[in-house]
>>> print(open('structure-v2.txt').read())   # compact mmCIF, C-alpha atoms
# COMPACT_ATOMS: atom_id res chain seq x y z
CA MET A 1318 28.86 19.33 14.88
CA ILE A 1319 29.23 20.00 11.21
CA ARG A 1320 30.52 16.46 10.71
CA SER A 1321 27.60 14.83 12.49
CA ALA A 1322 25.11 16.96 10.58
CA ALA A 1323 26.71 15.80 7.34
CA ALA A 1324 26.54 12.18 8.48
CA ALA A 1325 22.84 12.54 9.27
CA ALA A 1326 21.93 14.05 5.91
CA PRO A 1327 20.40 11.54 3.52
CA ALA A 1328 22.73 10.25 0.85
CA GLY A 1329 21.88 8.41 -2.33
CA ARG A 1330 23.82 5.60 -3.96
CA PHE A 1331 23.35 2.76 -6.39
CA LEU A 1332 23.49 -0.84 -5.19
CA GLU A 1333 24.40 -3.67 -7.53
CA THR A 1334 21.87 -6.45 -8.12
CA PRO A 1335 22.09 -9.35 -10.59
CA ARG A 1336 19.90 -7.44 -13.06
CA GLY A 1337 21.27 -3.94 -12.68
CA ARG A 1338 21.61 -1.13 -10.23
CA ILE A 1339 18.94 -0.02 -7.80
CA PHE A 1340 18.91 3.44 -6.28
CA CYS A 1341 18.94 3.65 -2.49
CA MET A 1342 18.68 6.64 -0.14
CA HIS A 1343 20.08 6.13 3.32
CA SER A 1344 20.36 8.19 6.47
CA PRO A 1345 22.27 8.37 8.71
CA VAL A 1346 25.12 6.42 7.15
CA ARG A 1347 26.00 4.53 10.34
CA ALA A 1348 23.32 3.29 12.69
CA GLU A 1349 23.00 0.16 14.80
CA GLY A 1350 19.35 -0.08 13.94
CA CYS A 1351 17.90 0.50 10.48
CA LEU A 1352 14.45 0.71 8.96
CA VAL A 1353 14.17 -0.61 5.40
CA VAL A 1354 11.22 0.86 3.47
CA VAL A 1355 9.40 -1.57 1.18
CA PRO A 1356 7.48 0.68 -1.22
CA PRO A 1357 3.98 0.18 -2.60
CA PHE A 1358 2.92 -0.46 -6.19
CA ALA A 1359 3.03 1.93 -9.16
CA ASP A 1360 1.72 5.44 -8.43
CA GLU A 1361 1.15 4.66 -4.76
CA MET A 1362 4.94 4.82 -4.40
CA ASN A 1363 5.10 8.38 -5.71
CA ARG A 1364 2.26 9.48 -3.47
CA SER A 1365 3.87 7.92 -0.37
CA ARG A 1366 7.40 9.18 -0.91
CA ARG A 1367 6.99 12.30 1.17
CA MET A 1368 5.73 10.19 4.09
CA TRP A 1369 8.85 8.04 4.40
CA ASN A 1370 11.19 10.94 3.70
CA LEU A 1371 9.68 12.77 6.69
CA LEU A 1372 9.87 9.58 8.75
CA ALA A 1373 13.56 9.11 7.83
CA ALA A 1374 14.38 12.61 9.09
CA GLN A 1375 12.62 11.95 12.42
CA LEU A 1376 14.33 8.57 12.83
CA ALA A 1377 17.74 10.08 12.03
CA ALA A 1378 17.24 12.48 14.95
CA LYS A 1379 16.80 9.39 17.17
CA GLY A 1380 19.92 7.71 15.78
CA VAL A 1381 17.96 5.20 13.74
CA GLY A 1382 18.87 4.71 10.09
CA THR A 1383 16.49 4.48 7.15
CA LEU A 1384 17.11 2.83 3.80
CA ILE A 1385 14.75 3.65 0.95
CA ALA A 1386 15.37 1.72 -2.24
CA ASP A 1387 13.54 2.10 -5.53
CA LEU A 1388 12.77 -1.47 -6.55
CA TYR A 1389 14.07 -2.69 -9.92
CA GLY A 1390 12.12 -1.12 -12.78
CA THR A 1391 10.81 1.74 -10.62
CA GLY A 1392 11.96 5.23 -9.65
CA GLU A 1393 15.63 5.98 -10.24
CA SER A 1394 16.63 2.33 -10.49
CA ASP A 1395 17.63 0.51 -13.66
CA GLY A 1396 15.06 -1.29 -15.79
CA ASP A 1397 11.60 -0.40 -17.07
CA PHE A 1398 8.43 -1.25 -15.19
CA ALA A 1399 7.74 -3.93 -17.81
CA ASP A 1400 10.96 -5.67 -16.63
CA ALA A 1401 9.92 -5.68 -12.97
CA ARG A 1402 9.33 -9.10 -11.38
CA TRP A 1403 8.18 -10.04 -7.90
CA GLU A 1404 11.13 -12.44 -7.47
CA SER A 1405 13.65 -9.77 -8.33
CA TRP A 1406 11.99 -7.33 -5.92
CA CYS A 1407 12.53 -9.89 -3.14
CA GLU A 1408 16.18 -10.09 -4.18
CA ASP A 1409 16.39 -6.29 -4.16
CA LEU A 1410 15.29 -6.31 -0.52
CA ASP A 1411 17.99 -8.83 0.25
CA VAL A 1412 20.61 -6.60 -1.40
CA VAL A 1413 19.43 -3.61 0.67
CA CYS A 1414 19.47 -5.58 3.94
CA ARG A 1415 22.95 -6.93 3.16
CA PHE A 1416 24.16 -3.42 2.43
CA ALA A 1417 22.81 -2.28 5.82
CA ARG A 1418 24.59 -5.13 7.61
CA GLU A 1419 27.86 -4.40 5.85
CA ALA A 1420 27.51 -0.78 7.01
CA GLY A 1421 27.30 -2.02 10.61
CA THR A 1422 23.57 -2.39 11.23
CA ARG A 1423 22.73 -4.98 13.86
CA ARG A 1424 18.94 -4.76 13.90
CA ILE A 1425 16.65 -4.31 10.90
CA ALA A 1426 12.96 -3.43 10.74
CA LEU A 1427 11.01 -3.65 7.48
CA LEU A 1428 8.37 -1.00 6.79
CA GLY A 1429 5.97 -2.48 4.25
CA VAL A 1430 3.67 0.09 2.67
CA ARG A 1431 0.43 -1.21 1.03
CA LEU A 1432 1.49 -3.92 -1.48
CA GLY A 1433 4.98 -3.48 -0.02
CA ALA A 1434 3.57 -5.15 3.10
CA LEU A 1435 2.97 -8.37 1.15
CA LEU A 1436 6.44 -8.06 -0.40
CA ALA A 1437 7.99 -7.63 3.06
CA LEU A 1438 6.00 -10.61 4.36
CA ASP A 1439 7.04 -12.77 1.41
CA TYR A 1440 10.69 -11.76 1.79
CA GLN A 1441 10.84 -12.42 5.54
CA ARG A 1442 9.32 -15.85 4.98
CA ARG A 1443 11.93 -16.71 2.38
CA ILE A 1444 14.78 -15.89 4.77
CA ALA A 1445 13.06 -17.25 7.89
CA GLY A 1446 15.14 -20.43 7.81
CA GLN A 1447 18.43 -18.54 7.88
CA PRO A 1448 20.27 -18.25 11.21
CA ALA A 1449 19.30 -15.09 13.08
CA SER A 1450 22.73 -13.63 13.68
CA ASP A 1451 23.53 -9.94 13.93
CA GLY A 1452 21.60 -7.87 11.44
CA GLY A 1453 18.47 -9.97 11.55
CA ILE A 1454 14.97 -8.61 10.99
CA VAL A 1455 13.52 -7.91 14.42
CA GLN A 1456 10.39 -6.02 13.49
CA LEU A 1457 7.85 -5.67 10.74
CA ILE A 1458 5.85 -2.44 10.46
CA LEU A 1459 2.94 -2.44 8.02
CA TRP A 1460 1.25 0.69 6.74
CA GLN A 1461 -2.33 0.05 5.57
CA PRO A 1462 -1.32 -3.37 4.27
CA VAL A 1463 -2.84 -4.90 1.15
CA LEU A 1464 -4.22 -8.29 2.18
CA ASP A 1465 -5.07 -9.91 -1.13
CA GLY A 1466 -2.76 -9.69 -4.14
CA ARG A 1467 -5.35 -10.67 -6.73
CA GLN A 1468 -7.89 -8.14 -5.53
CA ASN A 1469 -5.17 -5.48 -5.51
CA MET A 1470 -4.27 -6.26 -9.13
CA ASN A 1471 -7.94 -6.06 -10.12
CA GLN A 1472 -8.11 -2.65 -8.45
CA PHE A 1473 -5.04 -1.62 -10.46
CA LEU A 1474 -6.49 -2.95 -13.74
CA ARG A 1475 -9.70 -1.03 -13.08
CA LEU A 1476 -7.74 2.20 -13.49
CA LYS A 1477 -7.66 1.28 -17.16
CA LEU A 1478 -11.39 0.68 -17.19
CA ALA A 1479 -12.08 4.09 -15.67
CA ALA A 1480 -11.87 5.81 -19.05
CA GLY A 1481 -14.45 3.37 -20.44
CA LEU A 1482 -16.94 4.16 -17.68
CA ARG A 1483 -17.40 7.62 -19.14
CA THR A 1484 -18.69 6.31 -22.42
CA SER A 1485 -21.27 3.59 -22.86
CA ALA A 1486 -19.20 1.73 -25.42
CA ALA A 1487 -20.88 -1.30 -26.95
CA VAL A 1488 -18.00 -3.62 -26.09
CA LYS A 1489 -17.08 -3.08 -22.47
CA GLU A 1490 -13.68 -4.06 -21.15
CA THR A 1491 -13.54 -5.84 -17.81
CA THR A 1492 -10.64 -6.81 -15.59
CA ALA A 1493 -11.19 -10.35 -16.89
CA SER A 1494 -10.85 -9.23 -20.54
CA LEU A 1495 -7.72 -7.24 -19.68
CA ARG A 1496 -6.27 -10.33 -18.04
CA GLU A 1497 -7.04 -12.33 -21.20
CA ARG A 1498 -5.28 -9.74 -23.36
CA LEU A 1499 -2.21 -9.97 -21.12
CA ALA A 1500 -2.29 -13.77 -21.20
CA ARG A 1501 -2.28 -13.62 -25.03
CA GLY A 1502 0.99 -11.71 -24.82
CA GLU A 1503 -0.46 -8.28 -25.56
CA LYS A 1504 1.32 -5.31 -24.05
CA LEU A 1505 -0.88 -3.58 -21.54
CA GLU A 1506 -0.31 -0.15 -20.11
CA VAL A 1507 -2.26 0.78 -17.00
CA ALA A 1508 -2.05 4.35 -15.69
CA GLY A 1509 1.27 4.76 -17.49
CA TYR A 1510 2.78 1.48 -16.25
CA GLU A 1511 3.41 -1.43 -18.61
CA LEU A 1512 2.40 -4.48 -16.64
CA ALA A 1513 4.25 -7.75 -17.26
CA PRO A 1514 2.04 -10.87 -17.14
CA GLU A 1515 4.68 -12.52 -14.92
CA LEU A 1516 4.40 -9.75 -12.34
CA LEU A 1517 0.60 -9.89 -12.43
CA ALA A 1518 0.65 -13.67 -11.92
CA ALA A 1519 3.06 -13.42 -8.98
CA VAL A 1520 1.04 -10.75 -7.17
CA ASP A 1521 -2.19 -12.68 -7.90
CA ALA A 1522 -0.77 -15.65 -6.04
CA ILE A 1523 -0.04 -13.96 -2.71
CA ASP A 1524 -2.19 -13.04 0.24
CA GLY A 1525 -1.70 -12.10 3.87
CA GLN A 1526 -3.32 -15.25 5.16
CA SER A 1527 -0.64 -17.57 3.76
CA LEU A 1528 2.21 -15.24 4.70
CA ALA A 1529 1.67 -14.93 8.47
CA PRO A 1530 5.00 -13.68 9.85
CA THR A 1531 5.59 -16.38 12.44
CA SER A 1532 9.35 -15.84 12.87
CA ILE A 1533 9.32 -12.08 13.57
CA ALA A 1534 9.58 -10.89 17.17
CA ARG A 1535 7.15 -8.01 16.73
CA VAL A 1536 4.71 -6.87 14.07
CA ASP A 1537 3.08 -3.42 14.15
CA TRP A 1538 0.03 -3.14 11.90
CA LEU A 1539 -0.76 0.56 11.47
CA GLU A 1540 -3.71 2.18 9.75
CA VAL A 1541 -5.02 5.70 9.31
CA SER A 1542 -8.62 6.84 9.52
CA THR A 1543 -10.46 10.13 9.54
CA ASN A 1544 -13.35 8.55 11.39
CA GLU A 1545 -13.75 9.46 15.05
CA ALA A 1546 -13.83 5.80 16.02
CA ARG A 1547 -10.23 4.61 15.75
CA VAL A 1548 -10.80 0.99 14.88
CA LEU A 1549 -9.01 -1.22 12.35
CA MET A 1550 -10.92 -1.98 9.16
CA PRO A 1551 -13.14 -5.08 9.50
CA ALA A 1552 -11.08 -6.99 6.92
CA SER A 1553 -7.89 -6.15 8.82
CA GLN A 1554 -9.37 -7.24 12.14
CA ARG A 1555 -10.13 -10.67 10.67
CA MET A 1556 -6.57 -11.04 9.36
CA LEU A 1557 -5.09 -9.94 12.70
CA GLU A 1558 -7.16 -12.53 14.54
CA ALA A 1559 -5.98 -15.24 12.15
CA TRP A 1560 -2.36 -14.18 12.63
CA ARG A 1561 -2.72 -14.13 16.42
CA ALA A 1562 -4.19 -17.62 16.28
CA ALA A 1563 -1.05 -18.64 14.36
CA GLY A 1564 1.09 -17.25 17.18
CA VAL A 1565 2.13 -13.92 15.64
CA ASN A 1566 2.96 -11.10 18.09
CA VAL A 1567 1.04 -8.42 16.21
CA HIS A 1568 -0.10 -5.03 17.50
CA GLY A 1569 -2.79 -3.16 15.56
CA ARG A 1570 -3.09 0.62 15.92
CA VAL A 1571 -5.16 3.27 14.16
CA VAL A 1572 -4.24 6.96 14.10
CA ARG A 1573 -5.82 9.99 12.56
CA GLY A 1574 -4.80 10.52 8.94
CA GLU A 1575 -5.87 10.59 5.34
CA ALA A 1576 -5.34 7.89 2.69
CA PHE A 1577 -2.09 9.48 1.47
CA TRP A 1578 -1.30 6.62 -0.96
CA ALA A 1579 -4.59 7.03 -2.84
CA LEU A 1580 -5.08 10.78 -3.08
CA GLN A 1581 -4.23 12.87 -6.13
CA GLU A 1582 -2.84 15.69 -3.99
CA ILE A 1583 0.34 14.77 -2.11
CA THR A 1584 -0.91 14.34 1.44
CA THR A 1585 0.82 13.35 4.66
CA ALA A 1586 -0.38 11.71 7.87
CA PRO A 1587 1.84 13.23 10.62
CA GLU A 1588 0.36 11.04 13.37
CA LEU A 1589 1.31 7.89 11.45
CA ILE A 1590 4.87 9.18 11.04
CA ALA A 1591 5.14 9.94 14.77
CA LEU A 1592 3.74 6.55 15.82
CA THR A 1593 6.04 4.72 13.39
CA ARG A 1594 9.02 6.69 14.68
CA ASP A 1595 8.17 5.65 18.23
CA VAL A 1596 7.57 1.93 17.61
CA ALA A 1597 10.65 1.68 15.36
CA THR A 1598 12.87 3.54 17.81
CA GLU A 1599 11.76 1.23 20.61
CA ALA A 1600 12.77 -1.85 18.64
CA LEU A 1601 15.85 -0.49 16.88
CA ALA A 1602 17.62 2.11 19.05
CA GLY A 1603 20.68 0.73 20.82
CA MET B 1270 -23.78 -3.51 9.21
CA PRO B 1271 -22.29 -0.25 7.98
CA SER B 1272 -24.50 2.81 8.35
CA VAL B 1273 -25.23 5.52 5.79
CA GLN B 1274 -22.85 7.68 7.82
CA ASP B 1275 -20.05 5.12 7.27
CA VAL B 1276 -20.55 5.49 3.51
CA ILE B 1277 -20.50 9.30 3.78
CA VAL B 1278 -17.20 9.15 5.71
CA LEU B 1279 -15.74 6.86 3.06
CA LEU B 1280 -16.81 9.25 0.28
CA LYS B 1281 -15.46 12.23 2.22
CA ASP B 1282 -12.05 10.55 2.55
CA ALA B 1283 -11.79 9.09 -0.94
CA LEU B 1284 -12.93 12.26 -2.69
CA GLN B 1285 -11.36 14.75 -0.24
CA LEU B 1286 -14.70 16.51 0.21
CA GLY B 1287 -13.84 18.12 3.55
CA ASP B 1288 -16.66 19.93 5.34
CA ARG B 1289 -18.98 19.61 2.34
CA ALA B 1290 -19.64 16.02 3.35
CA GLN B 1291 -21.40 17.30 6.49
CA SER B 1292 -24.43 18.24 4.38
CA PHE B 1293 -24.61 14.74 2.83
CA SER B 1294 -27.51 12.43 3.56
CA GLU B 1295 -29.11 9.30 2.13
CA VAL B 1296 -30.77 11.28 -0.70
CA THR B 1297 -27.68 13.24 -1.79
CA ARG B 1298 -27.13 12.76 -5.51
CA LEU B 1299 -23.64 11.58 -6.47
CA LEU B 1300 -22.81 10.82 -10.13
CA GLY B 1301 -23.15 13.96 -12.21
CA HIS B 1302 -23.71 16.11 -9.12
CA VAL B 1303 -20.50 15.79 -7.09
CA PRO B 1304 -17.79 17.21 -9.38
CA GLU B 1305 -15.00 15.21 -7.69
CA LEU B 1306 -16.71 11.95 -8.66
CA ASP B 1307 -15.15 11.42 -12.09
CA SER B 1308 -14.56 7.96 -13.53
CA LEU B 1309 -11.18 7.58 -11.83
CA ALA B 1310 -12.74 8.61 -8.51
CA VAL B 1311 -15.45 5.96 -8.99
CA VAL B 1312 -12.68 3.36 -9.25
CA ASN B 1313 -11.04 4.76 -6.11
CA VAL B 1314 -14.31 4.63 -4.17
CA ILE B 1315 -14.81 0.98 -5.17
CA THR B 1316 -11.27 0.17 -4.02
CA ALA B 1317 -11.93 1.90 -0.69
CA LEU B 1318 -15.21 -0.05 -0.25
CA GLU B 1319 -13.46 -3.34 -0.98
CA GLU B 1320 -10.59 -2.70 1.38
CA ARG B 1321 -12.60 -1.24 4.23
CA PHE B 1322 -15.41 -3.79 4.26
CA GLY B 1323 -13.63 -6.81 2.80
CA ILE B 1324 -16.02 -7.23 -0.14
CA VAL B 1325 -15.23 -8.10 -3.76
CA VAL B 1326 -16.96 -6.01 -6.41
CA ASN B 1327 -17.30 -7.51 -9.88
CA ASP B 1328 -16.85 -5.33 -12.94
CA ASP B 1329 -20.42 -5.88 -14.12
CA GLU B 1330 -21.73 -4.60 -10.79
CA ILE B 1331 -20.17 -1.18 -11.34
CA SER B 1332 -23.02 0.82 -12.80
CA ALA B 1333 -24.24 4.38 -12.81
CA ASP B 1334 -27.27 3.25 -10.78
CA THR B 1335 -25.04 2.19 -7.89
CA PHE B 1336 -23.51 5.65 -7.76
CA GLU B 1337 -26.76 7.58 -8.18
CA THR B 1338 -27.17 8.58 -4.53
CA VAL B 1339 -25.53 8.01 -1.15
CA GLY B 1340 -28.46 5.72 -0.36
CA SER B 1341 -28.04 3.59 -3.51
CA LEU B 1342 -24.34 3.14 -2.75
CA HIS B 1343 -25.17 2.19 0.83
CA SER B 1344 -27.80 -0.33 -0.35
CA PHE B 1345 -25.24 -1.83 -2.72
CA LEU B 1346 -22.75 -2.25 0.14
CA VAL B 1347 -25.32 -3.85 2.44
CA GLN B 1348 -26.42 -6.22 -0.32
CA LYS B 1349 -22.77 -7.24 -0.98
CA LEU B 1350 -22.20 -7.90 2.71
CA ASN B 1351 -25.36 -10.01 2.93
CA ALA B 1352 -24.52 -11.98 -0.21
>>> encode(input="structure-v2.txt", output="structure tokens")
Amino acid sequence: MIRSAAAAAPAGRFLETPRGRIFCMHSPVRAEGCLVVVPPFADEMNRSRRMWNLLAAQLAAKGVGTLIADLYGTGESDGDFADARWESWCEDLDVVCRFAREAGTRRIALLGVRLGALLALDYQRRIAGQPASDGGIVQLILWQPVLDGRQNMNQFLRLKLAAGLRTSAAVKETTASLRERLARGEKLEVAGYELAPELLAAVDAIDGQSLAPTSIARVDWLEVSTNEARVLMPASQRMLEAWRAAGVNVHGRVVRGEAFWALQEITTAPELIALTRDVATEALAG
Amino acid sequence: MPSVQDVIVLLKDALQLGDRAQSFSEVTRLLGHVPELDSLAVVNVITALEERFGIVVNDDEISADTFETVGSLHSFLVQKLNA
């Protein structure tokens, strides 16, 4: 019993990537099915961490593994945020999935959180042409997915404008003027993160419409709401309909919960964790 | 079209107002009256509006007038959706 408890406890290790090491938590060490967490952008990652740590513990009890990697330039991984690139994040995901396969995983699900949903979608499309042997991605779970990269980057840039809203300065910054400053090669720090123009350009260029996951067996699109009516957001409903029209097997569900990724206080949504545990266990347990 | 109540729910969630939002109505004053609504919270409310209703808010549309009352914020949303 002591041995199995030790095997189920989360363990951290560094994985080698072409640019440096990325830090990865995994639990339990051996599992036939594994969930790979694809984290959201900047501070949303810190605010969501407790959510996937709780999820990992619940999945471990069901014999399902969880891999949580800090993408290059974030968290405990090598590199500064200014060095982070979308391309290298896709490669990081590949390194994590390969590590899972080498540890004996036969079925992988990606859990894309917020902007991580677009990263997971982009990654699965890049590998869609590869033969689906053991260890393929069988499921995509999306938590409150970001649908439009450019709009998401404008929302991020606005954090820098927030300070200016307090004063009625004569020259007002806008997201457009911030983008111009970046394009001129100026260093730009937003909410404590130095944003590389290359990363901004890459995120600008992606959206959920062009990344419909046509080669994934099952997609679970999960949202939280505190409203009594448990319906997907109107923008999400439109995207789901477009995906279904493209032949995607996507299931949308809404459970009670707060916007944990956006709130200053660390907040959890237990119903979202429970639902994710159940849909992931169904697809991944042996 | 979203109702005034939809806007109140959005504010309640984004600002973590809890039960206090129950007393909100169309005439409730926001900016300068709801302490949670600082400049960063304004940005968060705009993000929530964009994501929930699929609108795009331009920087020059973000003004103190928009955030004066629940009703002015609701009118802004309706006008964006009709645009």
>>> closest_atom_pairs(input="structure-v2.txt", of="chain B", to="chain A", cutoff="9 Å", atoms="all atoms listed in the file", output="Markdown table")
| residue | atom | partner | partner_atom | distance |
| --- | --- | --- | --- | --- |
| B:Asp1275 | CA | A:Asn1544 | CA | 8.6 |
| B:Val1278 | CA | A:Asn1544 | CA | 6.9 |
| B:Leu1279 | CA | A:Asn1544 | CA | 8.8 |
| B:Asp1282 | CA | A:Glu1575 | CA | 6.8 |
| B:Ala1283 | CA | A:Leu1580 | CA | 7.2 |
| B:Leu1284 | CA | A:Leu1580 | CA | 8.0 |
| B:Gln1285 | CA | A:Leu1580 | CA | 8.0 |
| B:Asp1307 | CA | A:Arg1483 | CA | 8.3 |
| B:Ser1308 | CA | A:Ala1479 | CA | 5.1 |
| B:Leu1309 | CA | A:Ala1479 | CA | 5.3 |
| B:Ala1310 | CA | A:Ala1479 | CA | 8.5 |
| B:Val1311 | CA | A:Ala1479 | CA | 7.7 |
| B:Val1312 | CA | A:Ala1479 | CA | 6.5 |
| B:Asn1313 | CA | A:Ala1579 | CA | 7.6 |
| B:Ile1315 | CA | A:Gln1472 | CA | 8.3 |
| B:Thr1316 | CA | A:Gln1472 | CA | 6.1 |
| B:Glu1319 | CA | A:Gln1468 | CA | 8.6 |
| B:Glu1320 | CA | A:Ala1552 | CA | 7.0 |
| B:Arg1321 | CA | A:Met1550 | CA | 5.3 |
| B:Phe1322 | CA | A:Pro1551 | CA | 5.9 |
| B:Gly1323 | CA | A:Ala1552 | CA | 4.8 |
| B:Ile1324 | CA | A:Ala1552 | CA | 8.6 |
| B:Val1325 | CA | A:Gln1468 | CA | 7.6 |
| B:Asn1327 | CA | A:Thr1492 | CA | 8.8 |
| B:Asp1328 | CA | A:Thr1491 | CA | 5.9 |
| B:Asp1329 | CA | A:Thr1491 | CA | 7.8 |
| B:Ile1331 | CA | A:Leu1482 | CA | 8.9 |
| B:Ser1332 | CA | A:Leu1482 | CA | 8.5 |
| B:Ala1333 | CA | A:Leu1482 | CA | 8.8 |
>>> closest_residue(input="structure-v2.txt", among="B:Val1314, B:Ile1277, B:Leu1286, B:Leu1299", to="Phe1336 of chain B", atoms="only C-alpha atoms")
B:Leu1299
>>> residues_around(input="structure-v2.txt", residues="Asp1439 of chain A", least_positions_apart="5", cutoff="10 Å", atoms="all atoms listed in the file", output="list in words")
Trp1403, Glu1404, Cys1407, Gly1433, Ala1434, Ile1444, Ala1445, Ile1523, Asp1524, Gly1525, Ser1527, Leu1528, Ala1529 and Pro1530 of chain A
>>> closest_residue(input="structure-v2.txt", among="B:Val1296, B:Ala1290, B:Leu1306, B:Met1270", to="Ser1341 of chain B", atoms="all atoms listed in the file")
B:Val1296
>>> atom_distance(input="structure-v2.txt", atom1="atom CA of Glu1295 of chain B", atom2="atom CA of Asp1334 of chain B")
14.4 Å
>>> atom_distance(input="structure-v2.txt", atom1="atom CA of Ala1600 of chain A", atom2="atom CA of His1568 of chain A")
13.3 Å
>>> residues_around(input="structure-v2.txt", residues="segment 1332-1341 of chain A", least_positions_apart="6", cutoff="9 Å", atoms="all atoms listed in the file", output="number ranges by chain")
A: 1384-1396, 1405, 1408-1409, 1412-1413, 1416
>>> axis_aligned_box(input="structure-v2.txt", around="segment 1429-1436 of chain A", padding_each_side="3 Å", output="JSON")
{"center_x": 3.4, "center_y": -4.1, "center_z": 1.4, "size_x": 12.0, "size_y": 14.5, "size_z": 11.7}
>>> atom_distance(input="structure-v2.txt", atom1="atom CA of Leu1516 of chain A", atom2="atom CA of Ala1317 of chain B")
23.2 Å
>>> residues_around(input="structure-v2.txt", residues="Gly1446 of chain A", least_positions_apart="6", cutoff="12 Å", atoms="all atoms listed in the file", output="ChimeraX atom specification")
/A:1440,1453,1531-1533
>>> decode(input="structure-v2.txt", residues="segment 1310-1315 of chain B", atoms="all heavy atoms", output="compact mmCIF listing (two decimals), in the first residue's frame")
# COMPACT_ATOMS: atom_id res chain seq x y z
N ALA B 1310 -10.43 46.37 -12.91
CA ALA B 1310 -11.72 45.69 -12.95
C ALA B 1310 -12.52 46.12 -14.18
O ALA B 1310 -13.24 45.32 -14.77
CB ALA B 1310 -12.50 45.96 -11.67
N VAL B 1311 -12.39 47.40 -14.57
CA VAL B 1311 -13.06 47.88 -15.78
C VAL B 1311 -12.60 47.05 -16.98
O VAL B 1311 -13.39 46.58 -17.80
CB VAL B 1311 -12.78 49.38 -16.02
CG1 VAL B 1311 -13.17 49.80 -17.43
CG2 VAL B 1311 -13.54 50.23 -14.99
N VAL B 1312 -11.28 46.84 -17.05
CA VAL B 1312 -10.71 46.04 -18.14
C VAL B 1312 -11.27 44.61 -18.08
O VAL B 1312 -11.61 44.03 -19.12
CB VAL B 1312 -9.17 46.05 -18.04
CG1 VAL B 1312 -8.56 45.01 -18.95
CG2 VAL B 1312 -8.63 47.43 -18.39
N ASN B 1313 -11.38 44.06 -16.89
CA ASN B 1313 -11.90 42.69 -16.75
C ASN B 1313 -13.37 42.60 -17.16
O ASN B 1313 -13.79 41.61 -17.76
CB ASN B 1313 -11.73 42.20 -15.31
CG ASN B 1313 -10.28 41.88 -14.99
OD1 ASN B 1313 -9.49 41.59 -15.89
ND2 ASN B 1313 -9.93 41.94 -13.72
N VAL B 1314 -14.14 43.63 -16.84
CA VAL B 1314 -15.56 43.64 -17.22
C VAL B 1314 -15.68 43.71 -18.75
O VAL B 1314 -16.51 43.01 -19.35
CB VAL B 1314 -16.30 44.82 -16.55
CG1 VAL B 1314 -17.69 45.01 -17.16
CG2 VAL B 1314 -16.43 44.58 -15.05
N ILE B 1315 -14.84 44.51 -19.38
CA ILE B 1315 -14.88 44.60 -20.85
C ILE B 1315 -14.54 43.25 -21.48
O ILE B 1315 -15.20 42.79 -22.41
CB ILE B 1315 -13.92 45.70 -21.35
CG1 ILE B 1315 -14.42 47.07 -20.88
CG2 ILE B 1315 -13.83 45.68 -22.87
CD1 ILE B 1315 -13.38 48.16 -20.98
